[in-house]
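Q: The structure file final.cif (mmCIF, C-alpha atoms and all ligand atoms) is provided below.
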data_target
loop_
_atom_site.label_atom_id
_atom_site.label_comp_id
_atom_site.auth_asym_id
_atom_site.auth_seq_id
_atom_site.Cartn_x
_atom_site.Cartn_y
_atom_site.Cartn_z
CA MET A 1 -4.55 -0.33 -5.46
CA GLY A 2 -5.86 -2.72 -8.08
CA THR A 3 -9.32 -4.07 -8.65
CA GLY A 4 -9.17 -7.47 -6.93
CA VAL A 5 -10.98 -8.30 -3.72
CA ARG A 6 -9.42 -6.92 -0.53
CA LEU A 7 -10.36 -8.71 2.66
CA ILE A 8 -9.64 -8.76 6.37
CA VAL A 9 -10.53 -11.82 8.45
CA LEU A 10 -11.07 -11.27 12.19
CA GLY A 11 -11.68 -13.93 14.84
CA LYS A 12 -10.27 -15.38 18.02
CA GLN A 13 -7.30 -17.71 17.91
CA GLY A 14 -8.69 -21.07 16.79
CA ALA A 15 -11.78 -19.56 15.12
CA GLY A 16 -10.68 -21.02 11.79
CA LYS A 17 -9.07 -17.92 10.22
CA GLY A 18 -6.07 -19.83 8.84
CA THR A 19 -8.18 -22.57 7.27
CA GLN A 20 -10.66 -20.15 5.70
CA CYS A 21 -7.96 -17.75 4.50
CA VAL A 22 -6.13 -20.49 2.60
CA ARG A 23 -9.39 -21.46 0.87
CA LEU A 24 -10.34 -17.85 0.14
CA SER A 25 -6.91 -17.07 -1.27
CA HIS A 26 -7.36 -19.94 -3.77
CA ARG A 27 -10.95 -19.01 -4.57
CA TYR A 28 -10.09 -15.38 -5.39
CA ALA A 29 -6.47 -15.91 -6.52
CA ILE A 30 -5.21 -13.37 -4.00
CA PRO A 31 -2.22 -13.56 -1.66
CA HIS A 32 -2.90 -14.71 1.90
CA ILE A 33 -0.99 -12.28 4.09
CA SER A 34 -0.67 -13.74 7.58
CA THR A 35 1.50 -11.77 10.00
CA GLY A 36 1.78 -14.88 12.22
CA ASP A 37 3.13 -16.95 9.29
CA MET A 38 5.52 -14.13 8.28
CA LEU A 39 6.83 -13.86 11.84
CA ARG A 40 7.18 -17.64 12.27
CA ALA A 41 9.21 -17.73 9.02
CA ALA A 42 11.43 -14.93 10.38
CA VAL A 43 11.97 -16.91 13.61
CA ARG A 44 12.81 -20.05 11.61
CA ASN A 45 15.25 -18.15 9.41
CA GLN A 46 16.78 -16.45 12.44
CA THR A 47 16.50 -12.98 10.94
CA GLU A 48 16.78 -9.83 13.04
CA LEU A 49 12.99 -9.58 13.05
CA GLY A 50 12.75 -13.23 14.13
CA GLN A 51 15.02 -12.58 17.08
CA ILE A 52 12.76 -9.76 18.29
CA ALA A 53 9.52 -11.63 17.54
CA GLY A 54 10.34 -15.13 18.88
CA PRO A 55 10.26 -14.51 22.64
CA LEU A 56 7.18 -12.26 22.40
CA MET A 57 5.32 -14.84 20.33
CA ASP A 58 6.21 -17.70 22.67
CA ALA A 59 4.84 -15.67 25.57
CA GLY A 60 1.62 -14.88 23.69
CA SER A 61 2.38 -11.12 23.66
CA LEU A 62 1.73 -8.78 20.75
CA LEU A 63 4.52 -7.09 18.79
CA GLY A 64 4.52 -3.29 18.50
CA ASP A 65 2.01 -1.68 16.15
CA ASP A 66 4.58 0.34 14.18
CA LEU A 67 6.83 -2.66 13.59
CA ILE A 68 3.95 -4.88 12.43
CA MET A 69 2.45 -2.24 10.18
CA SER A 70 5.76 -1.44 8.51
CA ILE A 71 6.09 -5.12 7.57
CA VAL A 72 2.48 -5.26 6.35
CA SER A 73 2.76 -2.00 4.47
CA GLU A 74 5.80 -3.28 2.61
CA ARG A 75 4.02 -6.54 1.79
CA LEU A 76 0.93 -4.71 0.49
CA SER A 77 3.12 -2.69 -1.88
CA GLU A 78 4.35 -5.83 -3.65
CA PRO A 79 2.85 -6.24 -7.14
CA ASP A 80 0.59 -9.24 -6.38
CA ALA A 81 -1.22 -7.53 -3.51
CA ALA A 82 -1.18 -4.11 -5.15
CA THR A 83 -2.78 -5.37 -8.37
CA ARG A 84 -4.85 -8.44 -7.48
CA GLY A 85 -6.00 -7.75 -3.91
CA PHE A 86 -5.23 -9.58 -0.69
CA ILE A 87 -6.54 -11.27 2.39
CA LEU A 88 -5.20 -10.10 5.74
CA ASP A 89 -5.06 -12.73 8.49
CA GLY A 90 -4.00 -11.75 12.00
CA VAL A 91 -3.73 -8.08 11.14
CA PRO A 92 -4.95 -5.49 12.01
CA ARG A 93 -5.11 -6.67 15.60
CA THR A 94 -5.43 -3.34 17.41
CA VAL A 95 -7.29 -0.12 16.65
CA VAL A 96 -3.93 1.62 16.10
CA GLN A 97 -3.03 -0.98 13.45
CA ALA A 98 -6.43 -0.49 11.78
CA GLU A 99 -5.90 3.27 11.73
CA LEU A 100 -2.41 2.89 10.25
CA LEU A 101 -3.81 0.55 7.59
CA GLU A 102 -6.56 3.02 6.79
CA GLU A 103 -3.97 5.79 6.42
CA LYS A 104 -2.17 3.67 3.84
CA ILE A 105 -5.05 2.33 1.74
CA GLY A 106 -8.09 4.45 2.70
CA VAL A 107 -11.48 3.34 4.11
CA ASP A 108 -12.46 1.85 0.76
CA GLY A 109 -9.14 0.09 0.38
CA ILE A 110 -10.95 -2.81 2.09
CA ASP A 111 -14.01 -4.43 0.48
CA CYS A 112 -15.15 -6.62 3.35
CA VAL A 113 -14.17 -7.58 6.90
CA ILE A 114 -15.18 -11.12 7.84
CA ASN A 115 -15.65 -11.70 11.56
CA LEU A 116 -15.55 -15.43 12.33
CA ASP A 117 -17.52 -15.80 15.53
CA VAL A 118 -16.88 -18.88 17.69
CA PRO A 119 -17.56 -19.24 21.45
CA THR A 120 -14.46 -19.27 23.65
CA GLU A 121 -15.16 -22.83 24.97
CA ASP A 122 -15.03 -24.11 21.37
CA VAL A 123 -11.80 -22.35 20.43
CA LEU A 124 -10.08 -23.61 23.59
CA GLN A 125 -11.00 -27.14 22.58
CA ARG A 126 -9.68 -26.58 19.03
CA LEU A 127 -6.42 -24.94 20.16
CA VAL A 128 -5.28 -27.70 22.51
CA SER A 129 -5.67 -30.29 19.74
CA ARG A 130 -4.31 -28.04 16.93
CA ARG A 131 -1.20 -29.10 15.03
CA VAL A 132 0.38 -27.11 12.16
CA CYS A 133 2.85 -27.72 9.37
CA ASP A 134 6.11 -26.02 10.23
CA ASP A 135 6.71 -25.18 6.55
CA CYS A 136 3.42 -24.25 4.86
CA GLY A 137 1.19 -23.55 7.85
CA ALA A 138 -1.44 -26.19 6.90
CA ILE A 139 -3.64 -26.93 9.90
CA TYR A 140 -4.38 -30.38 11.37
CA SER A 141 -5.58 -31.64 14.71
CA THR A 142 -4.99 -34.66 16.89
CA ASN A 143 -8.42 -35.84 15.67
CA GLN A 144 -7.53 -35.24 12.00
CA PRO A 145 -3.79 -35.89 11.65
CA PRO A 146 -1.96 -35.98 8.30
CA ALA A 147 -2.00 -39.34 6.50
CA VAL A 148 1.60 -40.34 7.21
CA ASN A 149 3.59 -39.98 10.42
CA TRP A 150 2.96 -36.28 11.17
CA THR A 151 4.37 -35.10 7.84
CA CYS A 152 2.28 -32.55 5.95
CA ASP A 153 -0.06 -33.94 3.25
CA ASN A 154 0.59 -30.79 1.14
CA CYS A 155 4.32 -30.25 1.35
CA GLY A 156 5.92 -33.03 3.42
CA GLY A 157 6.92 -30.58 6.18
CA GLN A 158 6.90 -31.52 9.84
CA VAL A 159 3.52 -31.20 11.56
CA VAL A 160 3.97 -29.94 15.12
CA GLN A 161 2.21 -28.23 18.00
CA ARG A 162 2.76 -24.45 17.90
CA LYS A 163 4.99 -23.26 20.71
CA ASP A 164 2.36 -20.72 21.71
CA ASP A 165 -0.47 -23.30 21.84
CA THR A 166 0.25 -23.95 25.52
CA ALA A 167 -2.55 -23.41 28.06
CA GLU A 168 -0.81 -20.35 29.53
CA ALA A 169 -0.03 -18.63 26.20
CA ILE A 170 -3.51 -19.46 24.86
CA MET A 171 -5.19 -17.73 27.82
CA LYS A 172 -2.93 -14.70 27.36
CA ARG A 173 -3.64 -14.52 23.62
CA LEU A 174 -7.39 -14.81 24.13
CA ALA A 175 -7.25 -12.04 26.75
CA ALA A 176 -5.28 -9.87 24.29
CA TYR A 177 -7.94 -10.62 21.67
CA GLU A 178 -10.75 -9.41 23.96
CA ALA A 179 -8.87 -6.27 25.01
CA GLU A 180 -7.13 -5.25 21.78
CA THR A 181 -8.83 -6.87 18.79
CA LEU A 182 -12.53 -7.04 19.68
CA PRO A 183 -12.86 -3.22 19.37
CA LEU A 184 -12.19 -3.73 15.63
CA VAL A 185 -15.65 -5.28 15.31
CA ASP A 186 -17.13 -1.84 16.11
CA PHE A 187 -14.44 -0.04 14.10
CA TYR A 188 -15.32 -1.86 10.87
CA SER A 189 -19.02 -2.05 11.61
CA GLN A 190 -19.11 1.77 11.82
CA ARG A 191 -17.51 1.85 8.37
CA GLY A 192 -20.13 -0.54 6.95
CA LYS A 193 -17.51 -3.19 6.18
CA LEU A 194 -18.23 -5.89 8.79
CA VAL A 195 -19.93 -9.22 8.19
CA THR A 196 -20.19 -11.69 11.08
CA ILE A 197 -20.21 -15.39 10.18
CA ASP A 198 -21.02 -18.24 12.57
CA GLY A 199 -17.60 -19.91 12.68
CA SER A 200 -18.77 -22.86 14.77
CA GLN A 201 -20.34 -24.50 11.69
CA ASN A 202 -18.23 -26.99 9.72
CA ALA A 203 -15.47 -25.53 7.52
CA ASP A 204 -17.44 -26.00 4.25
CA ALA A 205 -20.50 -24.18 5.61
CA VAL A 206 -18.32 -21.34 6.95
CA PHE A 207 -16.61 -21.04 3.55
CA ASP A 208 -19.92 -20.94 1.63
CA ALA A 209 -21.35 -18.30 3.98
CA THR A 210 -18.16 -16.25 3.64
CA VAL A 211 -18.14 -16.37 -0.16
CA ALA A 212 -21.81 -15.31 -0.21
CA ALA A 213 -21.03 -12.40 2.12
CA ILE A 214 -18.12 -11.27 -0.06
CA LYS A 215 -20.30 -11.46 -3.16
CA ALA A 216 -22.93 -9.26 -1.51
CA ALA A 217 -20.30 -6.78 -0.27
CA THR A 218 -18.52 -6.43 -3.61
CA ARG A 219 -21.83 -6.06 -5.47
CA ARG A 220 -22.72 -3.16 -3.17
CA SER A 221 -19.40 -1.34 -3.60
P1 LIG B 301 -1.08 -15.70 14.94
O1 LIG B 301 -0.49 -16.80 14.15
O2 LIG B 301 -1.86 -14.71 14.12
O3 LIG B 301 -1.84 -16.17 16.14
O4 LIG B 301 0.16 -14.84 15.52
C1 LIG B 301 1.12 -15.43 16.36
C2 LIG B 301 1.84 -14.36 17.19
O5 LIG B 301 2.50 -13.44 16.32
C3 LIG B 301 0.93 -13.48 18.05
O6 LIG B 301 0.60 -14.09 19.29
C4 LIG B 301 1.81 -12.25 18.22
O7 LIG B 301 2.87 -12.50 19.14
C5 LIG B 301 2.43 -12.10 16.84
N1 LIG B 301 1.57 -11.30 15.93
C6 LIG B 301 0.98 -11.74 14.78
N2 LIG B 301 0.27 -10.77 14.20
C7 LIG B 301 0.41 -9.68 14.99
C8 LIG B 301 -0.10 -8.34 14.94
N3 LIG B 301 -0.91 -7.95 13.95
N4 LIG B 301 0.23 -7.50 15.94
C9 LIG B 301 1.04 -7.87 16.94
N5 LIG B 301 1.55 -9.11 17.07
C10 LIG B 301 1.25 -10.03 16.10
#
What does this structure look like when you write it as structure tokens?
A:
Amino acid sequence: MGTGVRLIVLGKQGAGKGTQCVRLSHRYAIPHISTGDMLRAAVRNQTELGQIAGPLMDAGSLLGDDLIMSIVSERLSEPDAATRGFILDGVPRTVVQAELLEEKIGVDGIDCVINLDVPTEDVLQRLVSRRVCDDCGAIYSTNQPPAVNWTCDNCGGQVVQRKDDTAEAIMKRLAAYEAETLPLVDFYSQRGKLVTIDGSQNADAVFDATVAAIKAATRRS
């Protein structure tokens, strides 16, 4: 592994992970590795992986740990991530995934785990109004649409509602978060890697607090 910053961002669906990860990846010049984005691209391109992932994603169910971690492991071995660092978004999502990641890169293969904390009532509100660019993943909302006719301000792609942002799939995904992902807060806290940030502040304040936390964590290590 190289010397760049290596981050994991945890948080419920709608906590702002995607928005913050894009900004952090620019700030630190590191690749933003989002399993959700990788899987949505596979579905769009109708690959074999996409055919397995599509129905599970639409239902709000998680894919198997081994399958996810083999994709992530391969991605982490690419030169950009291996030399510059990375930011993991949406993975690990279970303790088994965290253990598999640790087997690959070691406890100190991660500099800092950011836990974006937002109350469930707030994320529900954000998720029903969330709209995303089908191509680049940029995030909008019905309150803050793109400038022109639901085409992405960044890339001109179509801005749509995610298929799994339905009330039923949202409830299922939030339940999966509580059951499967929340234990990672303890997992990384025990390893001295966890920083919890109040994600209900505005996006600029969350970003500033996150950058300060990363600075403190990397100074320590
Ligand atoms: P996300 O965009 O992170 O909310 O992910 C969308 C969907 O992709 C999830 O609801 C799961 O079906 C699947 N997925 C993404 N990341 C993972 C993961 N680490 N483990 C299992 N399933 C995942």
Q: How many Å separate atom CA of Ile197 of chain A from atom CA of Asp37 of chain A?
A: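 Between these atoms lies a distance of 23.4 Å.
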Q: Identify, on the basis of only C-alpha atoms, every residue whose closest approach to Leu76 of chain A does not exceed 12 Å; exclude the query and any residue fewer than 6 positions from it along the same chain; express the result as a list in words.
A: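 Returned residues: Met1, Gly2, Arg6, Ile30, Pro31, His32, Ile33, Ser34, Thr35, Met69, Ser70, Ala82, Thr83, Arg84, Gly85, Phe86, Ile87, Leu88, Leu101, Lys104, Ile105 and Gly109 of chain A.
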Q: Using the selection just defined, write its residues with C-alpha atoms as an mmCIF file, in the coordinates of the input.
A:
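Printed below is result_4.cif as written:
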data_model
loop_
_atom_site.group_PDB
_atom_site.id
_atom_site.type_symbol
_atom_site.label_atom_id
_atom_site.label_comp_id
_atom_site.auth_asym_id
_atom_site.auth_seq_id
_atom_site.Cartn_x
_atom_site.Cartn_y
_atom_site.Cartn_z
ATOM 1 C CA MET A 1 -4.550 -0.330 -5.460
ATOM 2 C CA GLY A 2 -5.860 -2.720 -8.080
ATOM 3 C CA ARG A 6 -9.420 -6.920 -0.530
ATOM 4 C CA ILE A 30 -5.210 -13.370 -4.000
ATOM 5 C CA PRO A 31 -2.220 -13.560 -1.660
ATOM 6 C CA HIS A 32 -2.900 -14.710 1.900
ATOM 7 C CA ILE A 33 -0.990 -12.280 4.090
ATOM 8 C CA SER A 34 -0.670 -13.740 7.580
ATOM 9 C CA THR A 35 1.500 -11.770 10.000
ATOM 10 C CA MET A 69 2.450 -2.240 10.180
ATOM 11 C CA SER A 70 5.760 -1.440 8.510
ATOM 12 C CA ALA A 82 -1.180 -4.110 -5.150
ATOM 13 C CA THR A 83 -2.780 -5.370 -8.370
ATOM 14 C CA ARG A 84 -4.850 -8.440 -7.480
ATOM 15 C CA GLY A 85 -6.000 -7.750 -3.910
ATOM 16 C CA PHE A 86 -5.230 -9.580 -0.690
ATOM 17 C CA ILE A 87 -6.540 -11.270 2.390
ATOM 18 C CA LEU A 88 -5.200 -10.100 5.740
ATOM 19 C CA LEU A 101 -3.810 0.550 7.590
ATOM 20 C CA LYS A 104 -2.170 3.670 3.840
ATOM 21 C CA ILE A 105 -5.050 2.330 1.740
ATOM 22 C CA GLY A 109 -9.140 0.090 0.380
#
Q: Can you tell me, as a compact mmCIF listing (two decimals) with C-alpha atoms, in the coordinates of the input, what residues are no more than 9 Å from Arg191 of chain A when counting all atoms listed in the file, ignoring any on the same chain fewer than 4 positions away?
A:
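Generated file (selection_22.txt):
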# COMPACT_ATOMS: atom_id res chain seq x y z
CA VAL A 107 -11.48 3.34 4.11
CA ASP A 186 -17.13 -1.84 16.11
CA PHE A 187 -14.44 -0.04 14.10
Q: Between atom CA of Leu7 of chain A and atom CA of Asp89 of chain A, measure the distance and give it in Å to one decimal.
A: 8.8 Å
Q: Go through chain A residue by residue and, counting all atoms listed in the file, keep those with an atom at most 9 Å from ligand LIG 301 (chain B); for each kept residue give the shortest atom pair and its distance in Å to one decimal, ordered by chain and increasing number, as JSON lines.
A:
{"residue": "A:Lys12", "atom": "CA", "partner": "B:LIG301", "partner_atom": "O3", "distance": 8.7}
{"residue": "A:Gln13", "atom": "CA", "partner": "B:LIG301", "partner_atom": "O3", "distance": 5.9}
{"residue": "A:Gly14", "atom": "CA", "partner": "B:LIG301", "partner_atom": "O3", "distance": 8.4}
{"residue": "A:Lys17", "atom": "CA", "partner": "B:LIG301", "partner_atom": "O2", "distance": 8.8}
{"residue": "A:Gly18", "atom": "CA", "partner": "B:LIG301", "partner_atom": "O1", "distance": 8.3}
{"residue": "A:Ser34", "atom": "CA", "partner": "B:LIG301", "partner_atom": "O2", "distance": 6.7}
{"residue": "A:Thr35", "atom": "CA", "partner": "B:LIG301", "partner_atom": "N2", "distance": 4.5}
{"residue": "A:Gly36", "atom": "CA", "partner": "B:LIG301", "partner_atom": "O1", "distance": 3.5}
{"residue": "A:Asp37", "atom": "CA", "partner": "B:LIG301", "partner_atom": "O1", "distance": 6.1}
{"residue": "A:Met38", "atom": "CA", "partner": "B:LIG301", "partner_atom": "C6", "distance": 8.3}
{"residue": "A:Leu39", "atom": "CA", "partner": "B:LIG301", "partner_atom": "O5", "distance": 6.2}
{"residue": "A:Arg40", "atom": "CA", "partner": "B:LIG301", "partner_atom": "O5", "distance": 7.5}
{"residue": "A:Ala53", "atom": "CA", "partner": "B:LIG301", "partner_atom": "O7", "distance": 6.9}
{"residue": "A:Gly54", "atom": "CA", "partner": "B:LIG301", "partner_atom": "O7", "distance": 7.9}
{"residue": "A:Pro55", "atom": "CA", "partner": "B:LIG301", "partner_atom": "O7", "distance": 8.4}
{"residue": "A:Leu56", "atom": "CA", "partner": "B:LIG301", "partner_atom": "O7", "distance": 5.4}
{"residue": "A:Met57", "atom": "CA", "partner": "B:LIG301", "partner_atom": "O7", "distance": 3.6}
{"residue": "A:Asp58", "atom": "CA", "partner": "B:LIG301", "partner_atom": "O7", "distance": 7.1}
{"residue": "A:Ala59", "atom": "CA", "partner": "B:LIG301", "partner_atom": "O7", "distance": 7.4}
{"residue": "A:Gly60", "atom": "CA", "partner": "B:LIG301", "partner_atom": "O6", "distance": 4.6}
{"residue": "A:Ser61", "atom": "CA", "partner": "B:LIG301", "partner_atom": "O7", "distance": 4.8}
{"residue": "A:Leu62", "atom": "CA", "partner": "B:LIG301", "partner_atom": "N5", "distance": 3.7}
{"residue": "A:Leu63", "atom": "CA", "partner": "B:LIG301", "partner_atom": "N5", "distance": 4.0}
{"residue": "A:Gly64", "atom": "CA", "partner": "B:LIG301", "partner_atom": "C9", "distance": 6.0}
{"residue": "A:Asp65", "atom": "CA", "partner": "B:LIG301", "partner_atom": "N4", "distance": 6.1}
{"residue": "A:Leu67", "atom": "CA", "partner": "B:LIG301", "partner_atom": "C9", "distance": 8.5}
{"residue": "A:Ile68", "atom": "CA", "partner": "B:LIG301", "partner_atom": "N4", "distance": 5.7}
{"residue": "A:Met69", "atom": "CA", "partner": "B:LIG301", "partner_atom": "N3", "distance": 7.6}
{"residue": "A:Val72", "atom": "CA", "partner": "B:LIG301", "partner_atom": "N3", "distance": 8.7}
{"residue": "A:Asp89", "atom": "CA", "partner": "B:LIG301", "partner_atom": "O2", "distance": 6.8}
{"residue": "A:Gly90", "atom": "CA", "partner": "B:LIG301", "partner_atom": "O2", "distance": 4.2}
{"residue": "A:Val91", "atom": "CA", "partner": "B:LIG301", "partner_atom": "N3", "distance": 4.0}
{"residue": "A:Pro92", "atom": "CA", "partner": "B:LIG301", "partner_atom": "N3", "distance": 5.1}
{"residue": "A:Arg93", "atom": "CA", "partner": "B:LIG301", "partner_atom": "N3", "distance": 4.7}
{"residue": "A:Thr94", "atom": "CA", "partner": "B:LIG301", "partner_atom": "N4", "distance": 7.2}
{"residue": "A:Gln97", "atom": "CA", "partner": "B:LIG301", "partner_atom": "N3", "distance": 7.3}
{"residue": "A:Asp164", "atom": "CA", "partner": "B:LIG301", "partner_atom": "O6", "distance": 7.3}
{"residue": "A:Ala169", "atom": "CA", "partner": "B:LIG301", "partner_atom": "O6", "distance": 8.3}
{"residue": "A:Ile170", "atom": "CA", "partner": "B:LIG301", "partner_atom": "O6", "distance": 8.8}
{"residue": "A:Lys172", "atom": "CA", "partner": "B:LIG301", "partner_atom": "O6", "distance": 8.8}
{"residue": "A:Arg173", "atom": "CA", "partner": "B:LIG301", "partner_atom": "O6", "distance": 6.1}
{"residue": "A:Ala176", "atom": "CA", "partner": "B:LIG301", "partner_atom": "O6", "distance": 8.8}
Q: Which one of A:Ser200, A:Val5, A:Gly16, A:Val123 sits closest to Tyr28 of chain A if you count only C-alpha atoms?
A: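 Using only C-alpha atoms, Tyr28 of chain A sits closest to A:Val5.
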Q: Grab the atom CA of Val206 of chain A to atom CA of Pro119 of chain A distance for me, in Å with one decimal place.
A: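 Separating atom CA of Val206 of chain A from atom CA of Pro119 of chain A is a distance of 14.7 Å.
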Q: Within 12 Å of Gln125 of chain A, counting all atoms listed in the file, which residues show up once you throw out same-chain ones fewer than 2 positions away? Write them as a list in words, please.
A: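 Selected residues are Gln13, Gly14, Ala15, Val118, Pro119, Thr120, Glu121, Asp122, Val123, Leu127, Val128, Ser129, Arg130, Ser141, Thr142, Asn143, Asp165, Ala167, Ile170 and Ser200 of chain A.
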Q: When distances are computed from only C-alpha atoms, which of A:Ala217, A:Leu116, A:Val96, A:Ala138 shows the smallest separation from Gln161 of chain A?
A: A:Ala138
Q: Find the residue from A:Met171, A:Leu124, A:Val95, A:Val159 that sits nearest to Pro145 of chain A; use only C-alpha atoms when measuring.
A: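 Nearest candidate to Pro145 of chain A out of A:Met171, A:Leu124, A:Val95, A:Val159: A:Val159.
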Q: Which residue is closest to Thr210 of chain A? Choose from A:Cys133, A:Ile8, A:Ile114, A:Leu194 and count all atoms listed in the file.
A: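 Ranking A:Cys133, A:Ile8, A:Ile114, A:Leu194 by distance to Thr210 of chain A, first place goes to A:Ile114.
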Q: Check the smallest atom-to-atom distance from each of A:Gly50, A:Asp66, A:Ala179, A:Leu10 to Lys193 of chain A using only C-alpha atoms, then report the winner.
A: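 Closest residue, counting only C-alpha atoms: A:Leu10.
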Q: My list of candidates is A:Cys136, A:Cys112, A:Pro146, A:Ala98. Which is closest to Glu180 of chain A when distances are computed with all atoms listed in the file?
A: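 Under the stated criterion, the closest residue is A:Ala98.
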